[in-house]
>>> print(open('work.cif').read())   # mmCIF, C-alpha atoms
data_final
#
loop_
_atom_site.group_PDB
_atom_site.id
_atom_site.type_symbol
_atom_site.label_atom_id
_atom_site.label_comp_id
_atom_site.auth_asym_id
_atom_site.auth_seq_id
_atom_site.Cartn_x
_atom_site.Cartn_y
_atom_site.Cartn_z
ATOM 1 C CA MET A 5 0.000 0.000 0.000
ATOM 2 C CA ASP A 6 1.534 3.317 -1.089
ATOM 3 C CA VAL A 7 1.288 6.636 0.759
ATOM 4 C CA LEU A 8 -1.728 7.932 -1.184
ATOM 5 C CA GLU A 9 -3.742 4.809 -0.505
ATOM 6 C CA LEU A 10 -2.815 5.017 3.181
ATOM 7 C CA LEU A 11 -4.092 8.599 3.395
ATOM 8 C CA TYR A 12 -7.564 7.521 2.271
ATOM 9 C CA THR A 13 -7.909 4.983 5.053
ATOM 10 C CA PRO A 14 -9.719 5.964 8.288
ATOM 11 C CA LYS A 15 -6.441 5.807 10.154
ATOM 12 C CA GLY A 16 -4.695 8.003 7.584
ATOM 13 C CA LEU A 17 -7.478 10.614 7.600
ATOM 14 C CA ALA A 18 -7.410 10.724 11.388
ATOM 15 C CA THR A 19 -3.653 11.297 11.314
ATOM 16 C CA VAL A 20 -3.957 14.161 8.818
ATOM 17 C CA LEU A 21 -6.742 15.744 10.875
ATOM 18 C CA LEU A 22 -4.648 15.520 14.030
ATOM 19 C CA LEU A 23 -1.696 17.186 12.284
ATOM 20 C CA LEU A 24 -3.922 20.011 11.056
ATOM 21 C CA ILE A 25 -5.235 20.590 14.587
ATOM 22 C CA LEU A 26 -1.690 20.692 15.964
ATOM 23 C CA LEU A 27 -0.611 23.184 13.273
ATOM 24 C CA VAL A 28 -3.580 25.451 14.027
ATOM 25 C CA GLN A 29 -2.769 25.391 17.747
ATOM 26 C CA LEU A 30 0.865 26.199 16.985
ATOM 27 C CA PHE A 31 -0.078 29.235 14.876
ATOM 28 C CA ILE A 32 -2.441 30.460 17.602
ATOM 29 C CA ARG A 33 0.273 30.203 20.268
ATOM 30 C CA VAL A 34 2.838 32.008 18.095
ATOM 31 C CA GLY A 35 0.339 34.763 17.319
ATOM 32 C CA ARG A 36 -0.499 35.200 20.996
ATOM 33 C CA SER A 37 3.138 35.385 22.027
ATOM 34 C CA GLN A 38 3.820 38.059 19.409
ATOM 35 C CA SER A 39 0.713 40.059 20.296
ATOM 36 C CA LYS A 40 1.886 40.281 23.924
ATOM 37 C CA LEU A 41 4.651 42.613 22.782
ATOM 38 C CA ARG A 42 2.741 44.404 20.007
ATOM 39 C CA GLY A 43 1.743 47.963 20.867
ATOM 40 C CA ASN A 44 3.613 47.759 24.159
ATOM 41 C CA ALA A 45 7.094 48.973 23.245
ATOM 42 C CA LEU A 46 9.341 51.536 24.910
ATOM 43 C CA LEU A 47 11.566 53.317 22.395
ATOM 44 C CA LEU A 48 14.903 54.631 23.672
ATOM 45 C CA VAL A 49 15.878 57.534 21.417
ATOM 46 C CA GLY A 50 18.350 60.380 21.696
ATOM 47 C CA PRO A 51 21.800 61.550 20.580
ATOM 48 C CA PRO A 52 24.789 59.195 20.317
ATOM 49 C CA ASP A 53 26.651 58.465 23.552
ATOM 50 C CA ALA A 54 23.701 59.546 25.710
ATOM 51 C CA GLY A 55 23.633 56.125 27.403
ATOM 52 C CA LYS A 56 20.702 54.399 25.668
ATOM 53 C CA THR A 57 22.396 51.026 25.192
ATOM 54 C CA ALA A 58 23.686 51.049 28.772
ATOM 55 C CA ILE A 59 20.125 51.673 29.988
ATOM 56 C CA LEU A 60 18.822 48.830 27.844
ATOM 57 C CA SER A 61 21.387 46.369 29.174
ATOM 58 C CA ALA A 62 20.743 47.501 32.759
ATOM 59 C CA VAL A 63 16.948 47.344 32.882
ATOM 60 C CA CYS A 64 16.521 44.130 30.911
ATOM 61 C CA PRO A 65 17.494 41.006 32.863
ATOM 62 C CA LEU A 66 18.367 39.108 29.698
ATOM 63 C CA LEU A 67 19.470 40.829 26.530
ATOM 64 C CA LEU A 68 20.442 39.763 23.034
ATOM 65 C CA LEU A 69 22.833 42.275 21.508
ATOM 66 C CA PRO A 70 23.534 41.845 17.792
ATOM 67 C CA THR A 71 27.208 41.625 16.879
ATOM 68 C CA ALA A 72 28.774 41.056 13.467
ATOM 69 C CA SER A 73 26.504 39.303 10.989
ATOM 70 C CA THR A 74 28.678 36.181 11.109
ATOM 71 C CA ASP A 75 28.789 36.004 14.909
ATOM 72 C CA PRO A 76 26.149 34.641 17.285
ATOM 73 C CA PRO A 77 24.357 37.194 19.472
ATOM 74 C CA GLN A 78 25.974 38.117 22.783
ATOM 75 C CA LEU A 79 23.978 37.030 25.824
ATOM 76 C CA VAL A 80 24.193 39.772 28.422
ATOM 77 C CA HIS A 81 22.821 39.784 31.955
ATOM 78 C CA GLY A 82 21.247 42.826 33.593
ATOM 79 C CA THR A 83 24.201 45.069 34.380
ATOM 80 C CA ALA A 84 25.306 48.248 32.650
ATOM 81 C CA LEU A 85 27.953 47.659 30.000
ATOM 82 C CA PRO A 86 30.682 49.850 28.512
ATOM 83 C CA THR A 87 29.220 50.566 25.076
ATOM 84 C CA HIS A 88 30.085 52.261 21.822
ATOM 85 C CA THR A 89 27.842 54.158 19.454
ATOM 86 C CA SER A 90 25.181 51.782 18.129
ATOM 87 C CA LEU A 91 24.662 51.506 14.379
ATOM 88 C CA GLN A 92 21.600 49.271 14.534
ATOM 89 C CA ALA A 93 18.598 48.905 16.799
ATOM 90 C CA ASN A 94 18.912 46.624 19.828
ATOM 91 C CA SER A 95 15.873 45.261 21.624
ATOM 92 C CA SER A 96 14.863 43.024 24.488
ATOM 93 C CA ALA A 97 11.741 41.951 26.362
ATOM 94 C CA LEU A 98 11.315 43.295 29.895
ATOM 95 C CA GLU A 99 9.124 41.802 32.609
ATOM 96 C CA LEU A 100 7.624 44.547 34.755
ATOM 97 C CA SER A 101 7.246 44.293 38.517
ATOM 98 C CA ALA A 102 3.477 44.579 38.273
ATOM 99 C CA PRO A 103 1.562 41.550 36.933
ATOM 100 C CA LYS A 104 1.396 42.823 33.367
ATOM 101 C CA LYS A 105 2.420 41.384 30.050
ATOM 102 C CA PRO A 106 6.083 41.988 29.119
ATOM 103 C CA ILE A 107 7.109 45.045 27.158
ATOM 104 C CA ARG A 108 9.693 45.387 24.427
ATOM 105 C CA VAL A 109 12.470 47.923 24.939
ATOM 106 C CA VAL A 110 14.033 49.137 21.669
ATOM 107 C CA ASP A 111 17.293 51.103 21.557
ATOM 108 C CA ILE A 112 17.272 53.301 18.424
ATOM 109 C CA PRO A 113 20.684 54.522 17.158
ATOM 110 C CA GLY A 114 21.220 58.261 17.561
ATOM 111 C CA HIS A 115 23.392 58.916 14.512
ATOM 112 C CA PRO A 116 21.742 61.646 12.386
ATOM 113 C CA ARG A 117 21.723 59.466 9.277
ATOM 114 C CA ILE A 118 19.879 56.532 10.867
ATOM 115 C CA ARG A 119 18.032 57.910 13.887
ATOM 116 C CA ASP A 120 14.777 58.184 11.912
ATOM 117 C CA GLN A 121 14.501 54.401 12.337
ATOM 118 C CA PHE A 122 12.310 55.244 15.321
ATOM 119 C CA ARG A 123 9.481 55.982 12.882
ATOM 120 C CA ASP A 124 9.415 52.305 11.874
ATOM 121 C CA HIS A 125 8.685 51.342 15.487
ATOM 122 C CA LEU A 126 6.029 53.981 16.224
ATOM 123 C CA PRO A 127 3.039 51.685 15.470
ATOM 124 C CA ASP A 128 4.168 49.454 18.363
ATOM 125 C CA ALA A 129 5.270 52.238 20.714
ATOM 126 C CA LYS A 130 3.462 52.909 23.968
ATOM 127 C CA ALA A 131 6.149 55.273 25.262
ATOM 128 C CA ILE A 132 9.212 57.107 23.967
ATOM 129 C CA ALA A 133 12.138 57.927 26.250
ATOM 130 C CA PHE A 134 14.410 60.662 24.895
ATOM 131 C CA VAL A 135 17.764 60.102 26.608
ATOM 132 C CA VAL A 136 20.021 63.118 27.187
ATOM 133 C CA ASP A 137 23.502 63.193 28.706
ATOM 134 C CA ALA A 138 22.931 65.819 31.395
ATOM 135 C CA SER A 139 26.667 66.289 31.900
ATOM 136 C CA THR A 140 27.275 67.451 28.295
ATOM 137 C CA VAL A 141 23.909 68.909 27.238
ATOM 138 C CA SER A 142 25.084 72.507 27.620
ATOM 139 C CA ARG A 143 27.819 72.225 25.016
ATOM 140 C CA ASN A 144 25.784 69.935 22.712
ATOM 141 C CA ALA A 145 22.541 71.868 23.107
ATOM 142 C CA PRO A 146 21.819 72.769 19.435
ATOM 143 C CA ALA A 147 22.258 69.198 18.168
ATOM 144 C CA VAL A 148 20.286 67.670 21.054
ATOM 145 C CA ALA A 149 17.448 70.161 20.581
ATOM 146 C CA GLU A 150 17.383 69.472 16.832
ATOM 147 C CA HIS A 151 16.998 65.755 17.526
ATOM 148 C CA LEU A 152 14.230 66.312 20.083
ATOM 149 C CA HIS A 153 12.485 68.723 17.714
ATOM 150 C CA ASN A 154 12.295 65.900 15.195
ATOM 151 C CA ILE A 155 10.449 63.779 17.775
ATOM 152 C CA LEU A 156 8.113 66.623 18.780
ATOM 153 C CA GLN A 157 7.263 67.255 15.152
ATOM 154 C CA THR A 158 6.545 63.598 14.402
ATOM 155 C CA LEU A 159 4.214 62.706 17.279
ATOM 156 C CA PRO A 160 1.357 65.149 16.539
ATOM 157 C CA SER A 161 1.361 64.002 12.907
ATOM 158 C CA LEU A 162 0.457 60.405 13.781
ATOM 159 C CA PRO A 163 -2.926 59.236 12.427
ATOM 160 C CA PRO A 164 -5.922 59.714 14.758
ATOM 161 C CA SER A 165 -6.423 55.950 14.878
ATOM 162 C CA GLN A 166 -3.073 55.535 16.674
ATOM 163 C CA THR A 167 -2.798 56.236 20.383
ATOM 164 C CA LEU A 168 -0.155 58.889 21.014
ATOM 165 C CA PRO A 169 2.783 57.326 22.899
ATOM 166 C CA SER A 170 3.821 58.899 26.192
ATOM 167 C CA LEU A 171 6.934 61.066 25.974
ATOM 168 C CA LEU A 172 9.569 60.868 28.694
ATOM 169 C CA ILE A 173 12.813 62.859 28.772
ATOM 170 C CA LEU A 174 15.585 61.143 30.726
ATOM 171 C CA ALA A 175 18.204 63.502 32.133
ATOM 172 C CA HIS A 176 20.789 60.722 32.219
ATOM 173 C CA LYS A 177 24.274 60.446 33.747
ATOM 174 C CA SER A 178 23.217 62.599 36.679
ATOM 175 C CA ASP A 179 26.046 61.038 38.695
ATOM 176 C CA LEU A 180 28.579 62.850 36.473
ATOM 177 C CA LEU A 181 27.336 66.338 37.335
ATOM 178 C CA ASN A 182 29.442 68.632 39.466
ATOM 179 C CA THR A 183 27.212 69.148 42.521
ATOM 180 C CA ARG A 184 29.736 70.706 44.911
ATOM 181 C CA SER A 185 28.187 74.173 44.604
ATOM 182 C CA GLN A 186 24.697 72.748 45.202
ATOM 183 C CA ALA A 187 25.388 70.018 47.716
ATOM 184 C CA HIS A 188 21.876 70.274 49.172
ATOM 185 C CA ALA A 189 20.201 69.296 45.874
ATOM 186 C CA ALA A 190 19.795 65.737 44.628
ATOM 187 C CA PRO A 191 21.804 64.963 41.467
ATOM 188 C CA ALA A 192 18.666 63.719 39.700
ATOM 189 C CA ASP A 193 16.869 67.028 40.336
ATOM 190 C CA LEU A 194 19.874 69.040 39.165
ATOM 191 C CA ALA A 195 20.047 66.947 35.998
ATOM 192 C CA ILE A 196 16.352 67.483 35.264
ATOM 193 C CA ASN A 197 16.561 71.244 35.812
ATOM 194 C CA ARG A 198 19.637 71.562 33.608
ATOM 195 C CA VAL A 199 18.241 69.486 30.747
ATOM 196 C CA ARG A 200 14.836 71.175 30.864
ATOM 197 C CA SER A 201 16.208 74.736 30.908
ATOM 198 C CA VAL A 202 18.827 74.125 28.204
ATOM 199 C CA LEU A 203 16.407 72.406 25.835
ATOM 200 C CA GLU A 204 13.609 74.918 26.394
ATOM 201 C CA ARG A 205 16.031 77.718 25.512
ATOM 202 C CA GLU A 206 17.250 75.974 22.364
ATOM 203 C CA LEU A 207 13.767 74.971 21.213
ATOM 204 C CA GLU A 208 12.602 78.557 21.671
ATOM 205 C CA LYS A 209 15.458 79.651 19.384
ATOM 206 C CA ARG A 210 14.262 77.180 16.771
ATOM 207 C CA ARG A 211 10.666 78.307 17.120
ATOM 208 C CA ALA A 212 11.610 81.980 16.813
ATOM 209 C CA SER A 213 13.757 81.188 13.795
ATOM 210 C CA GLN A 214 11.043 79.314 11.911
ATOM 211 C CA SER A 215 8.305 81.819 12.754
ATOM 212 C CA GLY A 216 10.441 84.775 11.694
ATOM 213 C CA GLY A 217 11.925 83.083 8.670
ATOM 214 C CA VAL A 218 15.403 84.014 9.861
ATOM 215 C CA GLY A 219 18.176 81.424 10.087
ATOM 216 C CA VAL A 220 19.930 80.897 13.408
ATOM 217 C CA ASP A 221 23.528 79.672 13.496
ATOM 218 C CA GLY A 222 24.122 76.319 15.115
ATOM 219 C CA LEU A 223 20.503 75.184 15.160
ATOM 220 C CA GLY A 224 21.351 71.571 14.467
ATOM 221 C CA ALA A 225 23.891 69.014 13.386
ATOM 222 C CA GLU A 226 26.166 69.860 10.479
ATOM 223 C CA GLY A 227 24.296 69.634 7.197
ATOM 224 C CA GLU A 228 20.892 69.534 8.897
ATOM 225 C CA LYS A 229 18.157 71.988 7.965
ATOM 226 C CA PRO A 230 15.923 73.269 10.767
ATOM 227 C CA GLU A 231 12.636 71.387 11.014
ATOM 228 C CA ILE A 232 9.377 73.271 10.718
ATOM 229 C CA GLY A 233 6.500 72.882 13.162
ATOM 230 C CA GLY A 234 6.047 70.712 16.221
ATOM 231 C CA LEU A 235 6.712 73.472 18.771
ATOM 232 C CA ASP A 236 3.227 74.909 19.240
ATOM 233 C CA THR A 237 2.250 75.594 22.841
ATOM 234 C CA THR A 238 -0.866 76.489 24.785
ATOM 235 C CA GLY A 239 0.941 79.200 26.760
ATOM 236 C CA PRO A 240 0.397 82.951 26.444
ATOM 237 C CA ALA A 241 1.011 84.558 23.069
ATOM 238 C CA GLY A 242 4.592 85.700 22.755
ATOM 239 C CA GLY A 243 5.708 83.542 25.678
ATOM 240 C CA ALA A 244 8.839 81.407 25.543
ATOM 241 C CA PHE A 245 8.626 77.692 24.775
ATOM 242 C CA LYS A 246 7.880 75.567 27.842
ATOM 243 C CA PHE A 247 7.548 71.793 27.914
ATOM 244 C CA ALA A 248 4.618 72.142 30.319
ATOM 245 C CA ASP A 249 2.699 74.053 27.613
ATOM 246 C CA TRP A 250 3.524 71.811 24.653
ATOM 247 C CA GLU A 251 0.419 71.339 22.543
ATOM 248 C CA GLY A 252 1.257 67.741 21.662
ATOM 249 C CA GLY A 253 0.616 66.391 25.176
ATOM 250 C CA ASP A 254 2.280 65.822 28.522
ATOM 251 C CA ILE A 255 6.045 65.417 28.770
ATOM 252 C CA SER A 256 7.563 63.758 31.838
ATOM 253 C CA PHE A 257 11.123 64.192 33.163
ATOM 254 C CA LEU A 258 13.291 61.802 35.167
ATOM 255 C CA GLY A 259 16.875 62.057 36.374
ATOM 256 C CA THR A 260 18.772 58.770 35.993
ATOM 257 C CA SER A 261 22.169 57.127 35.887
ATOM 258 C CA THR A 262 23.449 53.583 35.445
ATOM 259 C CA LYS A 263 25.187 53.721 38.811
ATOM 260 C CA GLY A 264 24.678 50.608 40.912
ATOM 261 C CA GLU A 265 23.127 47.265 39.980
ATOM 262 C CA LYS A 266 19.471 46.432 39.615
ATOM 263 C CA PRO A 267 18.327 45.144 43.047
ATOM 264 C CA SER A 268 16.684 41.781 43.511
ATOM 265 C CA GLU A 269 13.037 41.566 44.571
ATOM 266 C CA ASP A 270 13.964 41.114 48.246
ATOM 267 C CA SER A 271 16.656 43.830 48.249
ATOM 268 C CA GLU A 272 16.204 47.059 50.218
ATOM 269 C CA LYS A 273 18.895 48.960 48.307
ATOM 270 C CA SER A 274 16.735 50.205 45.433
ATOM 271 C CA GLY A 275 17.698 53.783 46.324
ATOM 272 C CA GLU A 276 21.276 53.041 45.220
ATOM 273 C CA TYR A 277 20.086 51.956 41.791
ATOM 274 C CA GLY A 278 20.348 54.858 39.337
ATOM 275 C CA LEU A 279 17.457 53.631 37.189
ATOM 276 C CA ALA A 280 15.006 53.021 40.050
ATOM 277 C CA SER A 281 12.856 56.009 39.042
ATOM 278 C CA LEU A 282 12.659 54.733 35.460
ATOM 279 C CA GLN A 283 11.668 51.271 36.670
ATOM 280 C CA GLU A 284 8.888 52.797 38.777
ATOM 281 C CA TRP A 285 7.687 54.926 35.856
ATOM 282 C CA LEU A 286 7.518 51.878 33.604
ATOM 283 C CA ASP A 287 5.561 49.912 36.211
ATOM 284 C CA GLU A 288 3.024 52.737 36.464
ATOM 285 C CA ASN A 289 2.731 53.766 32.815
ATOM 286 C CA MET A 290 3.333 50.673 30.724
#
>>> encode(input="work.cif", output="C-alpha cells")
Amino acid sequence: MDVLELLYTPKGLATVLLLLILLVQLFIRVGRSQSKLRGNALLLVGPPDAGKTAILSAVCPLLLLPTASTDPPQLVHGTALPTHTSLQANSSALELSAPKKPIRVVDIPGHPRIRDQFRDHLPDAKAIAFVVDASTVSRNAPAVAEHLHNILQTLPSLPPSQTLPSLLILAHKSDLLNTRSQAHAAPADLAINRVRSVLERELEKRRASQSGGVGVDGLGAEGEKPEIGGLDTTGPAGGAFKFADWEGGDISFLGTSTKGEKPSEDSEKSGEYGLASLQEWLDENM
C-alpha cells in the first residue's frame, strides 16, 4: 500500500486531521506570544553616547545584543555595560514588577543618518524615552534640541487611529554632574533642571527662527536643515517655549544614571540603583 492509498484509510485521515489541529494550535500560540509585545514597546531615542544602550542592558534582565553578521548574538545579563555608538537597533523583552504582560524595549541609534529608524517602530510604541547626557547637554545643546524637535514634530502628525505614545525625557548620567556648589540638591533634580532649561532655551530659538523666517547659526547638526513645526504651545502669546505648555501632550522628566546594579526583589537597596525612578515609571505607565 503506497502513501496515497494510506491517506484515504480511516487511520490516515485521522492522522492528517490531528496534524492540522496541531498546526492550528501552533499558529495560535505564536500569534499570541507576538501580540503580547505588540503595541507595548518603549523606544529609547536620543543623541549618540547619551547612554541608551547602557540603559537597555541595565533594565533588561536578559538581553540579546547583535554583533557582526557572522557572529552569534551576545547574551548579556542585567548590568550596565561599557558601550560604543550603536549603528543598529537593539531590543529586548522586559518583565515589569506589576503583573502585566512583558514590554519590548528598543534602543534606536542616535546617529543623524539613521536615527529616523524610530518611525518604523512607532506603530508598536506605547512610550518614547528621549535620553540626554545631562553632563554634556550645555555644550551639545543645538544638536540635542534638533533631535528632540524631530520627535516633537513627528508625534502630533500620527494618524488619529493611533494612540499617542507617552513622551519621557531622561536627564541621564546625573552622577557625572558637578554638585559641589549645590550640595543640598539631589543629582537627579539638578540633571532634570539643567536638561529642561537648556532644551527649552534651544527649542525657543528654533521656534523663533522658523516663525520669523530668519536662520539661526548652530541650530542643528552639520548639514541639517531646521525642522518646521512641532513646537506649538498652549501658553500665552509671545511667551517662551515651555515643555509644560507643549500642545502635543504631557512630557515627563526623570533624572537617571546607570550607577549601581538592579536590586533583587527582596533587596532594600533600590535607592542606590540609578534607574530606580525609570523602573517605577515603567511599572506605572506601561
>>> closest_residue(input="work.cif", among="A:Lys15, A:Val136, A:Leu21, A:Ala129", to="A:Pro52", atoms="only C-alpha atoms")
A:Val136
>>> axis_aligned_box(input="work.cif", around="stretch 106-123 of chain A", padding_each_side="3 Å", output="lines of an AutoDock Vina configuration file")
center_x = 14.7
center_y = 51.8
center_z = 19.2
size_x = 23.3
size_y = 25.7
size_z = 25.8
>>> residues_around(input="work.cif", residues="A:Pro103", least_positions_apart="2", cutoff="12 Å", atoms="only C-alpha atoms", output="list in words")
Glu99, Leu100, Ser101, Lys105, Pro106, Ile107, Asp287, Glu288 and Met290 of chain A
>>> resolve_selection(input="work.cif", expression="the PyMOL selection byres ((chain A and resi 188-203) around 7)", output="PyMOL selection string")
chain A and resi 138+141-142+145+149+175+178-179+183+186-187+204-207+257-260
>>> closest_residue(input="work.cif", among="A:Ile255, A:Leu22, A:Leu174, A:Val49", to="A:Gly278", atoms="all atoms listed in the file")
A:Leu174
>>> resolve_selection(input="work.cif", expression="the PyMOL selection byres ((chain A and resi 237-249) around 6)", output="ChimeraX atom specification")
/A:204,208,236,250-251
>>> atom_distance(input="work.cif", atom1="atom CA of A:Ser213", atom2="atom CA of A:Asn144")
18.7 Å
>>> closest_residue(input="work.cif", among="A:Asn44, A:Ser95, A:Thr57, A:Asn182", to="A:Leu126", atoms="only C-alpha atoms")
A:Asn44
>>> resolve_selection(input="work.cif", expression="the PyMOL selection byres ((chain A and resi 113) around 12)", output="ChimeraX atom specification")
/A:47-57,88-95,110-112,114-122,134-135,151
>>> closest_residue(input="work.cif", among="A:Leu98, A:Leu171, A:Val109, A:Leu282", to="A:Ser261", atoms="all atoms listed in the file")
A:Leu282
